[in-house]
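Next comes structure-v3.pdb, a file with PDB, C-alpha atoms.
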MODEL        1
ATOM      1  CA  PRO A   1     -25.942 -16.394  -9.707  1.00  0.00           C
ATOM      2  CA  ASN A   2     -23.574 -18.222  -7.351  1.00  0.00           C
ATOM      3  CA  GLY A   3     -22.099 -14.899  -6.231  1.00  0.00           C
ATOM      4  CA  ASP A   4     -21.727 -16.309  -2.731  1.00  0.00           C
ATOM      5  CA  HIS A   5     -18.670 -18.277  -3.967  1.00  0.00           C
ATOM      6  CA  LEU A   6     -17.117 -15.054  -5.191  1.00  0.00           C
ATOM      7  CA  GLN A   7     -17.863 -13.300  -1.894  1.00  0.00           C
ATOM      8  CA  ARG A   8     -16.294 -16.201   0.006  1.00  0.00           C
ATOM      9  CA  ASP A   9     -13.171 -15.992  -2.135  1.00  0.00           C
ATOM     10  CA  LEU A  10     -13.013 -12.217  -1.730  1.00  0.00           C
ATOM     11  CA  LEU A  11     -13.113 -12.697   2.036  1.00  0.00           C
ATOM     12  CA  LEU A  12     -10.353 -15.338   1.823  1.00  0.00           C
ATOM     13  CA  TYR A  13      -8.252 -12.997  -0.304  1.00  0.00           C
ATOM     14  CA  THR A  14      -8.724 -10.100   2.102  1.00  0.00           C
ATOM     15  CA  ARG A  15      -7.806 -12.269   5.083  1.00  0.00           C
ATOM     16  CA  SER A  16      -4.730 -13.513   3.230  1.00  0.00           C
ATOM     17  CA  VAL A  17      -3.644  -9.960   2.462  1.00  0.00           C
ATOM     18  CA  VAL A  18      -3.746  -9.118   6.188  1.00  0.00           C
ATOM     19  CA  ALA A  19      -2.339 -12.422   7.496  1.00  0.00           C
ATOM     20  CA  ASP A  20       0.210 -13.269   4.766  1.00  0.00           C
ATOM     21  CA  ASP A  21       0.909 -10.375   2.377  1.00  0.00           C
ATOM     22  CA  TRP A  22       1.355  -7.615   4.958  1.00  0.00           C
ATOM     23  CA  PRO A  23       3.888  -9.502   7.112  1.00  0.00           C
ATOM     24  CA  ALA A  24       5.785 -10.589   3.973  1.00  0.00           C
ATOM     25  CA  MET A  25       5.961  -6.999   2.725  1.00  0.00           C
ATOM     26  CA  GLY A  26       7.073  -5.943   6.219  1.00  0.00           C
ATOM     27  CA  ARG A  27      10.009  -8.343   5.837  1.00  0.00           C
ATOM     28  CA  GLY A  28      10.913  -6.694   2.520  1.00  0.00           C
ATOM     29  CA  GLU A  29       9.490  -9.438   0.319  1.00  0.00           C
ATOM     30  CA  ALA A  30       7.305  -8.728  -2.705  1.00  0.00           C
ATOM     31  CA  GLY A  31       4.128 -10.201  -1.260  1.00  0.00           C
ATOM     32  CA  SER A  32       3.201 -13.671  -0.143  1.00  0.00           C
ATOM     33  CA  PRO A  33       2.959 -16.755  -2.376  1.00  0.00           C
ATOM     34  CA  GLN A  34      -0.120 -17.869  -0.394  1.00  0.00           C
ATOM     35  CA  THR A  35      -1.911 -14.627  -1.218  1.00  0.00           C
ATOM     36  CA  THR A  36      -0.966 -14.988  -4.869  1.00  0.00           C
ATOM     37  CA  VAL A  37      -2.556 -18.462  -4.946  1.00  0.00           C
ATOM     38  CA  VAL A  38      -5.723 -17.125  -3.289  1.00  0.00           C
ATOM     39  CA  TYR A  39      -5.759 -14.177  -5.737  1.00  0.00           C
ATOM     40  CA  GLU A  40      -5.484 -16.487  -8.757  1.00  0.00           C
ATOM     41  CA  HIS A  41      -8.253 -18.699  -7.366  1.00  0.00           C
ATOM     42  CA  LEU A  42     -10.412 -15.587  -6.921  1.00  0.00           C
ATOM     43  CA  TRP A  43     -10.073 -14.856 -10.641  1.00  0.00           C
ATOM     44  CA  GLN A  44     -10.912 -18.466 -11.525  1.00  0.00           C
ATOM     45  CA  THR A  45     -14.063 -18.231  -9.427  1.00  0.00           C
ATOM     46  CA  PHE A  46     -14.940 -14.942 -11.100  1.00  0.00           C
ATOM     47  CA  TYR A  47     -14.544 -16.367 -14.609  1.00  0.00           C
ATOM     48  CA  SER A  48     -16.679 -19.390 -13.703  1.00  0.00           C
ATOM     49  CA  LEU A  49     -19.593 -17.071 -12.883  1.00  0.00           C
ATOM     50  CA  GLN A  50     -19.921 -15.535 -16.332  1.00  0.00           C
ATOM     51  CA  PRO A  51     -23.656 -15.153 -17.004  1.00  0.00           C
ATOM     52  CA  PRO A  52     -25.231 -15.953 -20.355  1.00  0.00           C
ATOM     53  CA  SER A  53     -25.345 -12.984 -22.728  1.00  0.00           C
ATOM     54  CA  SER A  54     -29.154 -13.200 -22.872  1.00  0.00           C
ATOM     55  CA  ASP A  55     -29.409 -12.279 -19.163  1.00  0.00           C
ATOM     56  CA  LEU A  56     -28.872  -8.525 -19.514  1.00  0.00           C
ATOM     57  CA  MET A  57     -29.277  -7.652 -15.835  1.00  0.00           C
ATOM     58  CA  HIS A  58     -26.659 -10.156 -14.650  1.00  0.00           C
ATOM     59  CA  ALA A  59     -24.440  -9.277 -17.604  1.00  0.00           C
ATOM     60  CA  ALA A  60     -24.433  -5.627 -16.460  1.00  0.00           C
ATOM     61  CA  PHE A  61     -23.576  -6.675 -12.897  1.00  0.00           C
ATOM     62  CA  TYR A  62     -20.852  -8.949 -14.244  1.00  0.00           C
ATOM     63  CA  GLN A  63     -19.326  -6.115 -16.309  1.00  0.00           C
ATOM     64  CA  GLU A  64     -19.226  -3.858 -13.253  1.00  0.00           C
ATOM     65  CA  ALA A  65     -17.743  -6.669 -11.155  1.00  0.00           C
ATOM     66  CA  LEU A  66     -15.093  -7.183 -13.858  1.00  0.00           C
ATOM     67  CA  ARG A  67     -14.212  -3.503 -13.680  1.00  0.00           C
ATOM     68  CA  GLN A  68     -13.921  -3.739  -9.880  1.00  0.00           C
ATOM     69  CA  MET A  69     -11.805  -6.906 -10.115  1.00  0.00           C
ATOM     70  CA  ASN A  70      -9.440  -5.163 -12.536  1.00  0.00           C
ATOM     71  CA  GLU A  71      -9.211  -2.280 -10.073  1.00  0.00           C
ATOM     72  CA  LEU A  72      -8.420  -4.773  -7.296  1.00  0.00           C
ATOM     73  CA  GLY A  73      -5.649  -6.265  -9.431  1.00  0.00           C
ATOM     74  CA  MET A  74      -4.187  -2.865 -10.234  1.00  0.00           C
ATOM     75  CA  GLU A  75      -4.205  -1.854  -6.549  1.00  0.00           C
ATOM     76  CA  ARG A  76      -2.537  -5.162  -5.641  1.00  0.00           C
ATOM     77  CA  ARG A  77       0.241  -4.542  -8.172  1.00  0.00           C
ATOM     78  CA  MET A  78       0.732  -1.001  -6.853  1.00  0.00           C
ATOM     79  CA  ARG A  79       0.895  -2.255  -3.253  1.00  0.00           C
ATOM     80  CA  LEU A  80       3.454  -4.928  -4.158  1.00  0.00           C
ATOM     81  CA  LEU A  81       5.537  -2.422  -6.143  1.00  0.00           C
ATOM     82  CA  SER A  82       5.515   0.088  -3.299  1.00  0.00           C
ATOM     83  CA  ALA A  83       6.783  -2.609  -0.933  1.00  0.00           C
ATOM     84  CA  SER A  84       9.927  -3.010  -3.026  1.00  0.00           C
ATOM     85  CA  ALA A  85      10.550   0.633  -4.006  1.00  0.00           C
ATOM     86  CA  ASN A  86      14.003   1.915  -3.042  1.00  0.00           C
ATOM     87  CA  LEU A  87      15.696   5.257  -3.395  1.00  0.00           C
ATOM     88  CA  PRO A  88      18.707   4.858  -5.721  1.00  0.00           C
ATOM     89  CA  ALA A  89      22.213   5.545  -4.344  1.00  0.00           C
ATOM     90  CA  PRO A  90      22.701   8.746  -6.410  1.00  0.00           C
ATOM     91  CA  MET A  91      19.569  10.200  -4.806  1.00  0.00           C
ATOM     92  CA  TRP A  92      20.902   9.364  -1.327  1.00  0.00           C
ATOM     93  CA  ILE A  93      24.223  11.025  -2.205  1.00  0.00           C
ATOM     94  CA  LEU A  94      22.404  14.102  -3.482  1.00  0.00           C
ATOM     95  CA  LEU A  95      20.204  14.248  -0.394  1.00  0.00           C
ATOM     96  CA  ILE A  96      23.053  13.930   2.107  1.00  0.00           C
ATOM     97  CA  ALA A  97      25.594  16.057   0.215  1.00  0.00           C
ATOM     98  CA  GLY A  98      22.955  18.722  -0.336  1.00  0.00           C
ATOM     99  CA  GLY A  99      22.155  18.723   3.377  1.00  0.00           C
ATOM    100  CA  VAL A 100      25.818  19.051   4.343  1.00  0.00           C
ATOM    101  CA  GLY A 101      26.187  21.874   1.820  1.00  0.00           C
ATOM    102  CA  MET A 102      23.164  23.704   3.225  1.00  0.00           C
ATOM    103  CA  VAL A 103      24.447  23.463   6.789  1.00  0.00           C
ATOM    104  CA  GLY A 104      27.890  24.618   5.652  1.00  0.00           C
ATOM    105  CA  PHE A 105      26.315  27.524   3.794  1.00  0.00           C
ATOM    106  CA  ALA A 106      24.381  28.503   6.924  1.00  0.00           C
ATOM    107  CA  LEU A 107      27.634  28.531   8.913  1.00  0.00           C
ATOM    108  CA  VAL A 108      29.489  30.630   6.341  1.00  0.00           C
ATOM    109  CA  ILE A 109      26.891  33.374   6.060  1.00  0.00           C
ATOM    110  CA  GLY A 110      27.564  35.649   8.983  1.00  0.00           C
ATOM    111  CA  THR A 111      25.199  37.757  11.005  1.00  0.00           C
ATOM    112  CA  PRO A 112      26.089  40.343  13.648  1.00  0.00           C
ATOM    113  CA  GLN A 113      24.426  38.107  16.270  1.00  0.00           C
ATOM    114  CA  ARG A 114      26.450  34.896  16.602  1.00  0.00           C
ATOM    115  CA  TRP A 115      23.703  33.218  18.672  1.00  0.00           C
ATOM    116  CA  LEU A 116      21.197  33.729  15.828  1.00  0.00           C
ATOM    117  CA  GLN A 117      23.537  32.116  13.290  1.00  0.00           C
ATOM    118  CA  LEU A 118      24.149  29.122  15.575  1.00  0.00           C
ATOM    119  CA  THR A 119      20.444  28.755  16.395  1.00  0.00           C
ATOM    120  CA  LEU A 120      19.455  28.768  12.724  1.00  0.00           C
ATOM    121  CA  THR A 121      22.274  26.347  11.837  1.00  0.00           C
ATOM    122  CA  VAL A 122      21.220  23.931  14.590  1.00  0.00           C
ATOM    123  CA  PHE A 123      17.577  24.212  13.475  1.00  0.00           C
ATOM    124  CA  LEU A 124      18.533  23.562   9.847  1.00  0.00           C
ATOM    125  CA  SER A 125      20.732  20.602  10.849  1.00  0.00           C
ATOM    126  CA  GLY A 126      17.943  19.067  12.927  1.00  0.00           C
ATOM    127  CA  PHE A 127      15.385  19.594  10.180  1.00  0.00           C
ATOM    128  CA  LEU A 128      17.616  18.001   7.542  1.00  0.00           C
ATOM    129  CA  THR A 129      18.460  15.065   9.819  1.00  0.00           C
ATOM    130  CA  TYR A 130      14.761  14.493  10.489  1.00  0.00           C
ATOM    131  CA  THR A 131      14.003  14.661   6.749  1.00  0.00           C
ATOM    132  CA  ILE A 132      16.712  12.122   5.899  1.00  0.00           C
ATOM    133  CA  LEU A 133      15.455   9.781   8.626  1.00  0.00           C
ATOM    134  CA  MET A 134      11.879  10.102   7.294  1.00  0.00           C
ATOM    135  CA  VAL A 135      13.001   9.272   3.754  1.00  0.00           C
ATOM    136  CA  ALA A 136      14.879   6.247   5.089  1.00  0.00           C
ATOM    137  CA  ALA A 137      11.824   5.105   7.080  1.00  0.00           C
ATOM    138  CA  LEU A 138       9.493   5.516   4.100  1.00  0.00           C
ATOM    139  CA  GLN A 139      11.692   3.316   1.908  1.00  0.00           C
ATOM    140  CA  GLU A 140      10.097   0.349   3.658  1.00  0.00           C
ATOM    141  CA  PRO A 141       6.475   1.458   4.061  1.00  0.00           C
ATOM    142  CA  PHE A 142       5.224  -1.837   5.550  1.00  0.00           C
ATOM    143  CA  SER A 143       7.665  -2.132   8.468  1.00  0.00           C
ATOM    144  CA  GLY A 144       9.241  -0.025  11.175  1.00  0.00           C
ATOM    145  CA  ASP A 145       7.837   2.660  13.432  1.00  0.00           C
ATOM    146  CA  ILE A 146       6.304   4.563  10.526  1.00  0.00           C
ATOM    147  CA  HIS A 147       4.409   2.047   8.406  1.00  0.00           C
ATOM    148  CA  VAL A 148       1.240   1.528   6.452  1.00  0.00           C
ATOM    149  CA  SER A 149      -1.203  -0.610   8.394  1.00  0.00           C
ATOM    150  CA  PRO A 150      -3.769  -3.013   6.925  1.00  0.00           C
ATOM    151  CA  ASP A 151      -6.654  -1.263   8.738  1.00  0.00           C
ATOM    152  CA  ALA A 152      -8.679  -0.788   5.531  1.00  0.00           C
ATOM    153  CA  PHE A 153      -8.507  -4.530   4.812  1.00  0.00           C
ATOM    154  CA  VAL A 154      -9.450  -5.329   8.408  1.00  0.00           C
ATOM    155  CA  GLY A 155     -12.489  -3.065   7.971  1.00  0.00           C
ATOM    156  CA  VAL A 156     -13.487  -4.960   4.818  1.00  0.00           C
ATOM    157  CA  ILE A 157     -13.177  -8.272   6.683  1.00  0.00           C
ATOM    158  CA  GLN A 158     -15.386  -6.957   9.481  1.00  0.00           C
ATOM    159  CA  SER A 159     -17.926  -5.727   6.927  1.00  0.00           C
ATOM    160  CA  PHE A 160     -18.030  -9.164   5.241  1.00  0.00           C
ATOM    161  CA  GLU A 161     -18.434 -10.881   8.596  1.00  0.00           C
ATOM    162  CA  ARG A 162     -21.270  -8.534   9.659  1.00  0.00           C
ATOM    163  CA  ARG A 163     -23.022  -9.147   6.365  1.00  0.00           C
ATOM    164  CA  ALA A 164     -22.599 -12.917   6.720  1.00  0.00           C
ATOM    165  CA  ALA A 165     -24.079 -12.795  10.235  1.00  0.00           C
ATOM    166  CA  GLN A 166     -27.271 -11.145   8.977  1.00  0.00           C
ATOM    167  CA  PRO A 167     -30.143 -13.465   8.044  1.00  0.00           C
TER     168      PRO A 167
ENDMDL
END

Could I get this structure in the form of structure tokens?
Amino acid sequence: PNGDHLQRDLLLYTRSVVADDWPAMGRGEAGSPQTTVVYEHLWQTFYSLQPPSSDLMHAAFYQEALRQMNELGMERRMRLLSASANLPAPMWILLIAGGVGMVGFALVIGTPQRWLQLTLTVFLSGFLTYTILMVAALQEPFSGDIHVSPDAFVGVIQSFERRAAQP
């Protein structure tokens, strides 16, 4: 009963994730305060819908909805944590020093064909450079050329809107 309020709040939350959370995470912030307010209101709406224990059918639906809401909360926490995850400085040092060592090792090991040694060293250098640049780009997964897009949330919004348009 009164599930339409919950659906409305879910739609507001999803829109806020796309419009507020995603840009905030792209700027390196840990989510948007507006989305947090909408998220908390979503939980308040959910708790206000608790059916009486004598209504077994709605109680079963409510239990499943509670499970899904907990899943939503866990995914939100994971998304916010991934927006602020950074590779520690010792890992960067290991990555770069290891790459320099590998390239140096490739130069030291000789082959009778000098062109083969230079070709493999250039290939290894390019590969390591590309890998380091990818790690740097993935440190901020919600901004830059390589980023996570909110397409799944946009799809949910479109699904809600199609459902709302049906009689």

Enclose all atoms of range 151-164 of chain A listed in the file in an axis-aligned box, grow every side by 4 Å, and hand back centre and edge lengths in Å to one decimal, as AutoDock Vina command-line options.
--center_x -14.8 --center_y -6.9 --center_z 7.2 --size_x 24.4 --size_y 20.1 --size_z 12.8

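Minimum atom-to-atom distances from A:Leu6, A:Gly31, A:Trp22, A:Glu64 to Ser48 in chain A were compared using all atoms listed in the file, and the lowest value belongs to A:Leu6.
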
Worksheet entry | Selection as a PyMOL selection string: residues within 10 Å of (-3.8, -14.7, -2.6), counting all atoms listed in the file | chain A and resi 9-10+12-17+20-21+31-42

Discussion item. Under the rule that all atoms listed in the file are counted, which of A:Val148, A:Ala165, A:Val103, A:Ala137 is the nearest residue to Thr121 in chain A?
Written reply: A:Val103

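Every protein, DNA or RNA residue with an atom at most 10 Å from range 97-102 of chain A, where only C-alpha atoms count and chain neighbours fewer than 6 positions away do not, is listed here: Met91, Val108, Thr121, Leu124, Ser125, Phe127, Leu128, Thr129, Thr131 and Ile132 of chain A.
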
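Shortest atom-to-atom contact with Tyr62 in chain A among A:Gln117, A:Asn2, A:Thr111, A:Ser84: A:Asn2, counting only C-alpha atoms.
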
Worksheet item: Could you name the residues that touch Arg162 in chain A at 12 Å or less, counting all atoms listed in the file, but leaving out those on the same chain fewer than 6 positions away, as number ranges by chain?
Response: A: 11, 155-156

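Here the PyMOL selection byres ((chain A and resi 75-83) around 8) catches exactly these residues: A:Met25, A:Gly26, A:Gly28, A:Glu29, A:Ala30, A:Gly31, A:Glu71, A:Leu72, A:Gly73, A:Met74, A:Ser84, A:Ala85, A:Glu140, A:Pro141, A:Phe142.
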